[in-house]
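*Asks:* Have a look at this one before I ask anything.
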Amino acid sequence: MSILCNMSDFESDPYIDDLLATYNRAKGQAQFYLLKRIPEMKAMQRLSGDIMELMFPGRSGDCPENCTLGTVVRRELQEIGSILQEQIMIAYNYDKPDEDEATHKAKATEDVIALCKAFPTIRRMLKLDASAGFDGDPAAGSVREVILSYPFMKAITIYRMAHALYVRKVPLIPRMLTELAHAETGIDINPGAQIGQSFFIDHGTGVVIGETAIIGDHVKMYQGVTLGALSFPKDACGMLIRGTKRHPTIQDNVTIYSHATILGDITIGENAVIGAGVWIKNDVPPDTMVMLDPPKIIYRDLSKRKEADCLPRLS
Amino acid sequence: MSILCNMSDFESDPYIDDLLATYNRAKGQAQFYLLKRIPEMKAMQRLSGDIMELMFPGRSGDCPENCTLGTVVRRELQEIGSILQEQIMIAYNYDKPDEDEATHKAKATEDVIALCKAFPTIRRMLKLDASAGFDGDPAAGSVREVILSYPFMKAITIYRMAHALYVRKVPLIPRMLTELAHAETGIDINPGAQIGQSFFIDHGTGVVIGETAIIGDHVKMYQGVTLGALSFPKDACGMLIRGTKRHPTIQDNVTIYSHATILGDITIGENAVIGAGVWIKNDVPPDTMVMLDPPKIIYRDLSKRKEADCLPRLS
Amino acid sequence: MSILCNMSDFESDPYIDDLLATYNRAKGQAQFYLLKRIPEMKAMQRLSGDIMELMFPGRSGDCPENCTLGTVVRRELQEIGSILQEQIMIAYNYDKPDEDEATHKAKATEDVIALCKAFPTIRRMLKLDASAGFDGDPAAGSVREVILSYPFMKAITIYRMAHALYVRKVPLIPRMLTELAHAETGIDINPGAQIGQSFFIDHGTGVVIGETAIIGDHVKMYQGVTLGALSFPKDACGMLIRGTKRHPTIQDNVTIYSHATILGDITIGENAVIGAGVWIKNDVPPDTMVMLDPPKIIYRDLSKRKEADCLPRLS
C-alpha cells in the first residue's frame, strides 16, 4: 500500500500533555488505562478458529493433504489448551491481584482440564445443533452447508465453549469470546445463558439472548429475537443488583419468529409458537400461539410520486 | 504478541480419546468430520475482494500509481477465474463423488466462463444499484461515497455474482459467498433470490431476503426488513420439502421501511409502501400504503427515578 | 493454503473486451472507475485500531512489557496524525480537484490539529460512556469488561472521532470510519449525528442513528433502535434535498428499548421511556412512557405437529 509508506510530517508533541492529563486517577477512580497485561482479543480470535476446527476438523482447509483426524484433533487441543491457560492466568491476575501467580496458574490449569473433559459433550451437542439447522431450514442443501456457512454454527460453537468457562467463573474471557462471535455473526448470546440440545437460529442477525435466559431442547428462533430483561432492581444506593434471574425461560420445542421480543423472568411453555414482531412480558402456556393483529391497511393514491422521478445519475 | 510466544505446559494427550470417539459413523450417519478437501472460506474472502475490485477498479487502493484499467480488469478476471475454477471443482467433487475428475473440471470451466460472460451485465446493474443508493439517501454525499462505504454495495455485488453461480446449480459456493457478505454487512440475501435493477438497501443490518423471493426494479428497503417464509410444507415422513416458492414477490417501485416483515408466497403490488415494523402475510394491491396504528401512549410519572441515580463510577 | 497455490488454467482474455466496454463515460456520466488515488478502507482499519489504543492504552495487548503511558500515547498520536493527514489530503484532492495540492495539505494539517486538540475532550466523554455501560447493564462484570468486549465501545469511540472530522467538512473519511465500525459492531451511527455524554447502547446490533439526529446526555438505548427520517423533501426536479434536519431529537435521560423506531424531526422529551418495538412519528412529552398494546393471544392446539417429527439426520 504505497499510500501509507510515505508518512507525512505530522508532529504529535504539542498535543500530548493535555491528553496525558486525562489518564489521571482523580476522584478515587481506578486508573483507566490498561497497560497491565490483559486478555487479548487477538488470542480470542485464534481460539475461535481453533475451536471451530476442533469441533469440525477440516473445515478451515488448513489441513495438509495427508493429515489424519488424530493429528488435527491433537494439534487443536494442544493449541486451545496452551492459549487458554495463559489467557485465563492473565485474567485471574487482573481480577484478583492479591492472589499469587501459583494460585492463578493452578486455577487456570483446572479450568482448561475441565473444558477438555467437556469437549466430547459439546461436540455431541453441536452435531445435534447442525442437524437441527438442516431439519429446520428448507434453504439448507446439506448439513455440511450448515456447518460451512451458517453464522449460527459459529455463534453456538463459541457460546458452548464460553459457557463452560462461565460456569467456572473465569473472568473476562467468556464474554470476550461471545462478543467476538457477536461481531462476526450478529448473534449476541451471553455466556451465562443455558441452552439445551438441538438448538437452531436461522439467519440470526440481531438475536440477543440474555445472561440468565434458560432455553430447553429443540428450540428454533429467527433473526432479531430478543430474550431480554424487563427492568433491573437496584440496591438502596441506586446501583444495579447483578446476578438475579431476569431473563425468560423457554421450554422444549418452542419456535420464536423474527424480531419477537420476550422480556423478563417469564416462561414460554413447551410447543408454544411466538409470532414475528410480538412483544411479550407475561407467561405463555404450553401449546399456545401468540400473534400480532394484522396491520391496518391504508389505501392511498401513490401514483403521483412517479412524475417526480429523475433519471439515475452517476457522479 | 509476546503473550502467545511462551506457550504454556498444557498437555493434551489425556483428553484425546473421549473426543475422538465422537467422530464415529454410528447409526448410519455420514461421517461428520471434514478432512476431505472442501471449498474454503478463505478462498471466498479472496474472491470477495477480487469481485469488488473488478466491478469498481481502484476501490481497494492496491493499485500501483501507473496501472491502467486494462491491467486491473485483466488481473482480477484472471484471479477470480482461477480461484473459482478450483473451488467449484472441489465442490463438485464433494457433492458428486461418483463422477470423475474430468467431468468436474469440464463443468467448473463452463461455470466460470458463464460467469465471465455475465460480468458486463452484472456491472451495468451494479452501476444502477449505486445510483439508486445515492438517489435514495439524502445522507449520501456522492455516488462514490456509496461505492466506497455503504455495506449494501458489498452485499449486492457479492449476491449478484453468487446468484449467477446458483442458477447453474454450483453446490456450496453461492451460499458461502453470500454468508461471507452477511457476516461483513449484516445483510443476508440468499443466492437463490431474484433481484431486479436499481435496487437499494439503506443501512441494511438485519435484512433477510429468502431463497425464492422475487424483487422487481427500483425497489428500496431499509434495515431489518424480512422477506421470509410463512411455513414449510413437509412430506409424508415429516421431512421439509425444499425448493418450492415460499417467499414474497415484490413488484416494481415498492418501498419497504425498517423492520417490516413480509411472509409467505404473497405479492406486494407495484408502487406499494410498507411501513416500519409492519408484519404482513397477505397480498398488498398496487399503489397501497400499509401502516401500523400509532402506539398507545401511557402517561406515567417517571420523575422519581432520578433520585435513585448514583454518580457514574469507574472500576 | 495449498489449494490456492496450484492455480488453474483459466484464461481471461476472451472475456475482457465486453467488460471493458462497461467502464465508458457515456451519457455525460462521470467516470465510474476509481483508478485515481482514493481514501482507503485499509487505512481506516489502521486508524480504527490506533484510536482504540489511544483512548484505552494497552487494550490491544500490542504493548511490550515495559512500555509507558507516554510511549503509547505518543506513538498512537503520531500514527493517527500521519495516516489521517495523508488520507484527508487524498480526499480533498478527490473532492476538489481544482484546488492545488498545497491548499489541500494546509487544510488537512489544520483538520488533524483540530482533532488532536479534541482528543482530551473525546477521551473524557468515552470514560463517561464506559461508565454508563457498566451502570446500565447488570450483565457487565466491570468497566474494563465493557471497554474490552462491548461492541458499543468501538462504535462510540470511532463515531466521536469521525464526528470531529465531519464538523470540519472532511469529505468521505468520516462516513468510511463509521461504516467500518458499523461492519464490526452492527451499530450504524452517521458521523453527522450529535451525541451527548454518558451515552450507552446495549447489545447494539441493528441500531441506526441518522445524520441529523441530536441526542442529549444520559441516553440509553438497546439493539435495533432506529432514529430515522420520515420522508425526504425533493426539489423541483425531483432530486433529494440534502442537509435539512430530518431525524429525531432525543432529550436527556431518555431510555429507548429494543427495536423501537423513531421517525422524523420530532422531539422525545427528557426522562421519557420508549417501549420495545414501538413505532412513533410524533413528539413525546417529558416523563412519558410509550408502549405497545399487549399482543393478542391465540390458543391453538399445536400438539399434533410433534408426530410428524423425524429423528435428526446427519448427511
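Please note that chains go A, B, ... in the order of the C-alpha cells, that every chain numbers its residues from 1, and that ligands are numbered from 1 in the order shown.
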Which parts of region 123-277 of chain C does DSSP call strand (DSSP E) when run on the backbone here, written out as a PyMOL selection string?

*Replies:* chain C and resi 188-189+194-195+200-201+208-209+214-215+220-221+226-228+249-250+255-256+261-263+267-268+273-274

*Asks:* Between CA of Val146 (chain C) and CA of Leu84 (chain A), what is the distance, to one decimal in Å?

*Replies:*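 If I compute the distance from CA of Val146 (chain C) to CA of Leu84 (chain A), I get 20.7 Å.
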
*Asks:* Out of region 51-299 of chain B, which residues get helix (DSSP H, G or I) from DSSP, as a PyMOL selection string?

*Replies:* chain B and resi 51-55+69-95+101-136+143-149+151-166+173-185

*Asks:* Need to verify the contact set: Leu177 (chain C), 7 Å, only C-alpha atoms, exclusion of same-chain residues closer than 6 positions in sequence. Can you return it as a ChimeraX atom specification?

*Replies:* /C:44,158,162

*Asks:* Show me, as a PyMOL selection string, the residues that have an atom within 10 Å of region 166-170 of chain B when counting only C-alpha atoms, minus same-chain residues fewer than 6 positions from it.

*Replies:* chain B and resi 88-89+91-92+95+107-108+110-111+114-115+159-160+190-193

*Asks:* Identify, on the basis of only C-alpha atoms, every residue whose closest approach to region 68-82 of chain C does not exceed 7 Å; exclude the query and any residue fewer than 5 positions from it along the same chain; express the result as JSON, numbers by chain.

*Replies:* {"A": [7, 8, 9, 10, 11, 12, 16], "C": [47, 50, 54, 57, 112]}

*Asks:* Would you work out the distance separating CA of Lys245 (chain A) from CA of Thr212 (chain A), expressed in Å to one decimal?

*Replies:*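 CA of Thr212 (chain A) lies 5.4 Å from CA of Lys245 (chain A).
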
*Asks:* Find the spatial neighbours of region 202-210 of chain A, counting only C-alpha atoms, within a cut-off of 7 Å - ignore same-chain residues fewer than 4 positions away - and output them as an MDAnalysis selection string.

*Replies:* (chainID A and resid 152 185:190 193 221:228 247) or (chainID B and resid 186 206) or (chainID C and resid 205:206)

*Asks:* Record the distance separating CA of Lys36 (chain C) and CA of Glu99 (chain C), expressed in Å with one decimal.

*Replies:*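 Going from CA of Lys36 (chain C) over to CA of Glu99 (chain C) covers 15.9 Å.
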
*Asks:* With only C-alpha atoms as the counted atoms, please give the residues lying no more than 9 Å from Leu230 (chain B), apart from itself and same-chain residues fewer than 6 positions off, as number ranges by chain.

*Replies:* B: 246-247, 262-265, 281

*Asks:* Restricting the calculation to only C-alpha atoms, which member of A:Tyr94, A:Val284, A:Pro39, A:Cys67 is positioned closest to Arg175 (chain A)?

*Replies:*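 Using only C-alpha atoms, the shortest distance to Arg175 (chain A) belongs to A:Pro39.
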
*Asks:* Between A:Leu180, A:Ile38, A:Cys116, A:Ala164, which residue has the minimum interatomic distance to chain B, considering only C-alpha atoms?

*Replies:* A:Cys116

*Asks:* Quick one: of A:Gly269, A:Gly133, A:Gly141, A:Gly243, who's nearest to chain B, counting only C-alpha atoms?

*Replies:*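 The closest residue to chain B is A:Gly141.
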